[in-house]
Amino acid sequence: MPFNSQTLEEPTFRGEPDWLRDRRRNAFAAYERLPMPSRTDEEWRRTDVTGLDPSTYAKLEHANGYKQEMPGLPAGVIFEPLSVAAVKHRQLVEPLLFSTGHPDRDRFSALHAAFFTGGNFLYVPDGVVIEEPILRQHFSHEGGTTVLPHTVIVAGRGSRFYYLDEYIGEEEEGAGYRSGSAEIFVGEGADVGYVSIQKWGRHAWHLADQRARLEKDSRLRLFNVTLGGRFSKSRVEASLVGPGASAELKGIYFASGKQFFDFHTLQDHQVGNTTSDLLFKGALQDTAKTVYAGLIRIEKGAARSDAYQANRNLVLSDHAKATSIPMLEIDNNDVRCTHGATVGPVDPQSLFYLQSRGIPATTAKRMIVQGFFGEVLERIPFEQARRLVETELEARLG
Amino acid sequence: MADFEIRDLRASVEGKEILKGVTLAINKGEVHAVMGPNGSGKSTLSHTLMGHPGYTVDGGEVVFKGKNVLALQPDERARLGMFLAFQYPVVVPGISMTNFLRTALNAKRGYDGKDKSKQISPKEFRSMLKGELEVLHMDDSFLPRYINDGFSGGEKKRAEILQMAMLKPEIAILDETDSGLDIDSIKFVAEAVNRMRGPELGVLIITHYTRILEFIKPDYVHVLVDGRFVLSGGPEVADRLEKTGYSEWGDVEDKPEEVA
Ligand SMILES: Nc1ncnc2c1ncn2[C@@H]1O[C@H](COP(=O)(O)OP(=O)(O)O)[C@@H](O)[C@H]1O
Ligand SMILES: [Mg+2]
């Protein structure tokens, strides 16, 4: 089964409303029209996708976000598979779906928009607080397939809640194409904690976008954990569109073996009196490679904005390589903007200090890497996710 | 043969010869002081003894418990019973003092993450810690903090001695533990060290000044100038230095008494 317009006539998609089917067809047309990104495009200069032909993996896995035990949700909260919500709550879903990023941005975005299946729609009405985090797991079941879940989260005015998307594949599963994207709409005065943990199998191609739009006085704490895939490219983007909005964007990654991770982040201050605080920390070993490119954009009218961006890399092997590219685009002088990047090995003084207390070098190194992550793990917005990530890291650091 | 023997030790840093043949025999139960002006090689000695990778051994040997110490990794030296209180304790972000102390103690007890019976129990750990904290006049608020992170000079040095007290070494090297400390802190540190003194501990106390030696009485004093011992003797050597400084060994301007 190739990716073609016939696929869109399959039962999975046939039940969907016309507006959504039209959109899929348009996105598919874009997929067919657009060339593969090439290394002459700035965004893809260090990111090699020549080995990727998505049609190799044209078997779609249709998994809606697997529901773990959920406590009852407060009245008015809508939580459905996206395909169901598209029918039942068209007035909410239609204007928002893919509104943060156009499907024809590049060929992979178009593919995702044409064939996404699975993923959830969450709508939390004004003033509603959900204490228990909402936890969702998305699985791949075999190699050779495509898995494209899409999450849409809408936080009403003054609402508050936590959400976790966990992407899980067998470590040694054959190559496949995976996405795992989210759009988050944070309403006025709302406070949202969002965590994604990507642990697809070692051979997967992963291309995902996490995009958020923050209204007046809202707060988003987004935490991206990237561990899986042979190739992983994530775009994490926050648009601050209302004064008083505050986005905390944090991420950790641990790349080993032949893994390649790419992160492109955007802190887009469209109006003034907005705050963004970004920290991505990664450790690399073996022959792993990572690329981080982050842009702070402060638009003309966005006076008194405050933006911070840092990328820190701990390189644990001579053959691993981390590249870090901070970028600024500032059209207003009345702002505070700080950024920094570091790439370096384990500090030999720290290692000697720990060893001098009897701690063997391998244990000491592991402690130093854990400590390196520890500082940012504390910023995971809720306890369950923090424990999950800590356990996962511990297992991977060995 | 002494319990801990340094024989004709020569070492260099970045190709520069620093230690030019140091010989010293320490028995458990003894306190040896090494005094010397800045740059004479005191920290080179302490780091070389502990196995810092930035220092190259050019010759000589160090023997402890029948082992050639210079062939061992720093952690092996520590587990054999050596301890170094750093002149400049290292800040290690992200690792709490508690985690650090517990891991070090477990390593010493031979716990490798498998045999749980070798692990120190939380209760034992806490009570041990509590006792030592009291002696050093420290409160436990620094335990959840990252290793030496944001510690004042005095806190860092006391934390070094705390680690020594927890790990109970047989040979302890204190590298300028007194430098930068106010008189009260020196007294607390000295009190803690004096409590540990006994037939099971040999101490090598490295200092620039004579003051700490008023509180920790050495059995032997050695004067290190330009990578060599130029004088060794009993406590009277310290008294002599107190008066004349290091000037009798060339144009060394340093005075061993504290500058205000
Ligand atoms: N890491 C280093 N790189 C270069 N030179 C060093 C280094 N460490 C020490 N030295 C030099 O070695 C000599 C002895 O230093 P050190 O052992 O620290 O002296 P002390 O502890 O007695 O003050 C000095 O001349 C110092 O400049
Ligand atoms: Mg020194």
# chains A, B, ... in the order shown; residues from 1 in each chain; ligands from 1
>>> residues_around(residues="Thr323 of chain A", least_positions_apart="4", cutoff="9 Å", atoms="only C-alpha atoms", output="PyMOL selection string")
chain A and resi 289-293+313+343
>>> write_last_selection(atoms="C-alpha atoms", output="CSV table (one decimal), in the first residue's frame")
chain,number,residue,atom,x,y,z
A,289,LYS,CA,25.4,13.3,16.5
A,290,THR,CA,23.1,16.1,17.5
A,291,VAL,CA,22.2,19.4,16.0
A,292,TYR,CA,20.5,22.1,18.0
A,293,ALA,CA,19.4,25.3,16.3
A,313,ASN,CA,25.9,19.3,25.5
A,343,VAL,CA,29.6,21.6,24.1
>>> select_by_dssp(residues="segment 179-313 of chain A", states="strand (DSSP E or B)", output="ChimeraX atom specification")
/A:181-186,191-199,205-214,219-226,231-240,246-255,260-269,275-284,289-298,306-313
>>> residues_around(residues="Val135 of chain B", least_positions_apart="6", cutoff="12 Å", atoms="only C-alpha atoms", output="PDB file with C-alpha atoms, in the first residue's frame")
ATOM      1  CA  MET B 128      26.945   8.502  61.354  1.00  0.00           C
ATOM      2  CA  LEU B 129      26.403  11.755  59.526  1.00  0.00           C
ATOM      3  CA  ARG B 158      34.656  21.609  56.623  1.00  0.00           C
ATOM      4  CA  ALA B 159      32.844  19.469  54.081  1.00  0.00           C
ATOM      5  CA  ILE B 161      36.878  17.012  56.711  1.00  0.00           C
ATOM      6  CA  LEU B 162      33.351  15.652  57.010  1.00  0.00           C
ATOM      7  CA  ALA B 165      35.413  11.489  58.952  1.00  0.00           C
ATOM      8  CA  SER B 185      36.706  27.237  61.489  1.00  0.00           C
ATOM      9  CA  LYS B 187      39.506  25.166  65.496  1.00  0.00           C
ATOM     10  CA  PHE B 188      36.503  23.072  64.404  1.00  0.00           C
ATOM     11  CA  VAL B 189      38.543  21.429  61.673  1.00  0.00           C
ATOM     12  CA  ALA B 190      41.443  20.794  64.055  1.00  0.00           C
ATOM     13  CA  GLU B 191      39.089  19.352  66.639  1.00  0.00           C
ATOM     14  CA  ALA B 192      37.626  16.965  64.085  1.00  0.00           C
ATOM     15  CA  VAL B 193      41.067  15.879  62.912  1.00  0.00           C
ATOM     16  CA  ASN B 194      42.313  15.443  66.468  1.00  0.00           C
ATOM     17  CA  ARG B 195      39.338  13.200  67.226  1.00  0.00           C
ATOM     18  CA  MET B 196      40.330  10.982  64.319  1.00  0.00           C
TER      19      MET B 196
END
>>> residues_near_ligand(ligand="ligand 1", cutoff="9 Å", atoms="only C-alpha atoms and all ligand atoms", output="PyMOL selection string")
chain B and resi 12-19+35-47+54-55+87+175-176+206-208+224-227
>>> interface_residues(of="chain B", to="chain A", cutoff="10 Å", atoms="only C-alpha atoms", output="PyMOL selection string")
chain B and resi 47+50-54+73-86+89-96+99-101+103-110+112-113+146-147+163-164+167
>>> residues_around(residues="Ile26 of chain B", least_positions_apart="5", cutoff="7 Å", atoms="only C-alpha atoms", output="VMD selection string")
chain B and resid 2 to 5 202
>>> residues_around(residues="Thr47 of chain A", least_positions_apart="2", cutoff="9 Å", atoms="only C-alpha atoms", output="ChimeraX atom specification")
/A:38-39,43-45,49,233,260-262,291
>>> residues_around(residues="Cys337 of chain A", least_positions_apart="6", cutoff="12 Å", atoms="only C-alpha atoms", output="JSON, numbers by chain")
{"A": [267, 269, 274, 275, 276, 277, 278, 295, 296, 297, 298, 303, 304, 305, 306, 307, 308, 309, 310, 326, 327, 328, 329, 330, 331]}
>>> residues_around(residues="Ser121 of chain B", least_positions_apart="5", cutoff="10 Å", atoms="only C-alpha atoms", output="count of residues only")
4
>>> select_by_dssp(residues="segment 17-202 of chain B", states="alpha helix (DSSP H)", output="PyMOL selection string")
chain B and resi 42-50+74-80+97-108+122-135+153-167+183-196
>>> closest_residue(among="B:Asp219, B:Glu236, B:Asp178, B:Glu200", to="ligand 2", atoms="only C-alpha atoms and all ligand atoms")
B:Asp178
>>> atom_distance(atom1="atom CA of Glu394 of chain A", atom2="atom CA of Lys199 of chain A")
14.0 Å
>>> closest_residue(among="B:Leu174, B:Met97, B:Leu9, B:Val63", to="ligand 2", atoms="only C-alpha atoms and all ligand atoms")
B:Leu174
>>> atom_distance(atom1="atom CA of Phe223 of chain A", atom2="atom CA of Asn148 of chain B")
28.3 Å
>>> atom_distance(atom1="atom CA of Lys365 of chain A", atom2="atom CA of Thr287 of chain A")
17.8 Å
>>> decode(residues="segment 212-257 of chain B", atoms="N, CA and C atoms", output="CSV table (one decimal), in the first residue's frame")
chain,number,residue,atom,x,y,z
B,212,ILE,N,47.8,26.4,62.0
B,212,ILE,CA,47.0,25.2,62.2
B,212,ILE,C,47.8,24.2,63.1
B,213,LEU,N,49.2,24.3,63.0
B,213,LEU,CA,50.0,23.4,63.8
B,213,LEU,C,49.9,23.7,65.3
B,214,GLU,N,49.4,24.8,65.6
B,214,GLU,CA,49.1,25.1,67.1
B,214,GLU,C,48.0,24.2,67.6
B,215,PHE,N,47.1,23.9,66.7
B,215,PHE,CA,45.9,23.1,67.1
B,215,PHE,C,46.1,21.6,66.8
B,216,ILE,N,46.8,21.3,65.7
B,216,ILE,CA,47.1,19.9,65.4
B,216,ILE,C,48.6,19.8,65.5
B,217,LYS,N,49.0,19.2,66.6
B,217,LYS,CA,50.4,19.1,66.9
B,217,LYS,C,51.1,18.1,66.0
B,218,PRO,N,52.0,18.4,65.2
B,218,PRO,CA,52.7,17.4,64.3
B,218,PRO,C,53.8,16.7,65.1
B,219,ASP,N,54.0,15.5,64.7
B,219,ASP,CA,55.2,14.7,65.2
B,219,ASP,C,56.4,15.1,64.5
B,220,TYR,N,56.2,15.3,63.2
B,220,TYR,CA,57.4,15.7,62.3
B,220,TYR,C,57.0,16.8,61.4
B,221,VAL,N,58.0,17.6,61.1
B,221,VAL,CA,57.8,18.7,60.2
B,221,VAL,C,58.8,18.7,59.1
B,222,HIS,N,58.4,18.8,57.8
B,222,HIS,CA,59.3,18.8,56.7
B,222,HIS,C,59.1,20.1,55.9
B,223,VAL,N,60.2,20.6,55.4
B,223,VAL,CA,60.1,21.9,54.7
B,223,VAL,C,60.4,21.6,53.2
B,224,LEU,N,59.4,21.9,52.4
B,224,LEU,CA,59.5,21.7,50.9
B,224,LEU,C,59.8,23.0,50.2
B,225,VAL,N,60.9,23.0,49.5
B,225,VAL,CA,61.3,24.2,48.7
B,225,VAL,C,61.7,23.7,47.4
B,226,ASP,N,61.1,24.3,46.4
B,226,ASP,CA,61.4,24.0,45.0
B,226,ASP,C,61.5,22.4,44.7
B,227,GLY,N,60.4,21.8,45.2
B,227,GLY,CA,60.3,20.4,44.9
B,227,GLY,C,61.1,19.4,45.7
B,228,ARG,N,61.8,19.9,46.7
B,228,ARG,CA,62.7,19.0,47.5
B,228,ARG,C,62.5,19.4,49.0
B,229,PHE,N,62.6,18.4,49.9
B,229,PHE,CA,62.7,18.7,51.3
B,229,PHE,C,64.0,19.2,51.6
B,230,VAL,N,64.0,20.4,52.2
B,230,VAL,CA,65.3,21.0,52.6
B,230,VAL,C,65.6,20.9,54.1
B,231,LEU,N,64.6,20.5,54.8
B,231,LEU,CA,64.8,20.4,56.3
B,231,LEU,C,63.7,19.5,56.8
B,232,SER,N,64.0,18.5,57.7
B,232,SER,CA,63.0,17.7,58.3
B,232,SER,C,63.4,17.6,59.8
B,233,GLY,N,62.4,17.5,60.7
B,233,GLY,CA,62.7,17.4,62.1
B,233,GLY,C,61.4,17.3,62.9
B,234,GLY,N,61.5,17.6,64.1
B,234,GLY,CA,60.3,17.6,65.0
B,234,GLY,C,59.6,18.9,64.9
B,235,PRO,N,58.7,19.1,65.9
B,235,PRO,CA,57.8,20.3,65.9
B,235,PRO,C,58.7,21.6,66.0
B,236,GLU,N,59.9,21.5,66.4
B,236,GLU,CA,60.7,22.7,66.6
B,236,GLU,C,61.0,23.3,65.2
B,237,VAL,N,60.9,22.5,64.1
B,237,VAL,CA,61.1,23.1,62.8
B,237,VAL,C,60.1,24.2,62.5
B,238,ALA,N,58.8,23.9,62.9
B,238,ALA,CA,57.8,24.8,62.7
B,238,ALA,C,58.0,26.1,63.5
B,239,ASP,N,58.5,26.0,64.7
B,239,ASP,CA,58.8,27.2,65.5
B,239,ASP,C,59.9,28.0,64.8
B,240,ARG,N,60.9,27.3,64.2
B,240,ARG,CA,61.9,28.1,63.5
B,240,ARG,C,61.4,28.8,62.3
B,241,LEU,N,60.5,28.2,61.6
B,241,LEU,CA,59.9,28.8,60.4
B,241,LEU,C,59.0,30.0,60.8
B,242,GLU,N,58.4,29.9,61.9
B,242,GLU,CA,57.5,30.9,62.5
B,242,GLU,C,58.3,32.2,62.6
B,243,LYS,N,59.6,32.1,63.0
B,243,LYS,CA,60.4,33.2,63.2
B,243,LYS,C,61.1,33.7,61.9
B,244,THR,N,61.7,32.8,61.2
B,244,THR,CA,62.5,33.2,60.1
B,244,THR,C,61.9,33.1,58.7
B,245,GLY,N,60.8,32.4,58.6
B,245,GLY,CA,60.2,32.2,57.3
B,245,GLY,C,61.0,31.3,56.5
B,246,TYR,N,60.7,31.4,55.2
B,246,TYR,CA,61.4,30.5,54.2
B,246,TYR,C,62.6,31.2,53.6
B,247,SER,N,63.0,32.4,54.2
B,247,SER,CA,64.0,33.2,53.5
B,247,SER,C,65.4,32.5,53.5
B,248,GLU,N,65.6,31.7,54.5
B,248,GLU,CA,66.9,31.0,54.5
B,248,GLU,C,67.2,30.1,53.3
B,249,TRP,N,66.1,29.8,52.6
B,249,TRP,CA,66.3,28.9,51.4
B,249,TRP,C,66.1,29.7,50.1
B,250,GLY,N,67.0,30.7,50.0
B,250,GLY,CA,67.0,31.5,48.8
B,250,GLY,C,66.0,32.7,48.8
B,251,ASP,N,65.7,33.2,47.7
B,251,ASP,CA,65.0,34.4,47.6
B,251,ASP,C,63.5,34.2,47.7
B,252,VAL,N,63.1,33.3,48.5
B,252,VAL,CA,61.7,33.0,48.7
B,252,VAL,C,61.1,34.1,49.7
B,253,GLU,N,60.2,34.9,49.2
B,253,GLU,CA,59.7,36.0,50.0
B,253,GLU,C,58.6,35.7,50.9
B,254,ASP,N,58.0,34.6,50.7
B,254,ASP,CA,56.8,34.2,51.5
B,254,ASP,C,57.1,34.1,53.0
B,255,LYS,N,56.2,34.6,53.8
B,255,LYS,CA,56.3,34.4,55.2
B,255,LYS,C,55.3,33.4,55.6
B,256,PRO,N,55.6,32.5,56.5
B,256,PRO,CA,54.7,31.5,56.9
B,256,PRO,C,53.6,31.9,57.8
B,257,GLU,N,53.6,33.2,58.3
B,257,GLU,CA,52.5,33.6,59.1
B,257,GLU,C,51.4,34.2,58.3
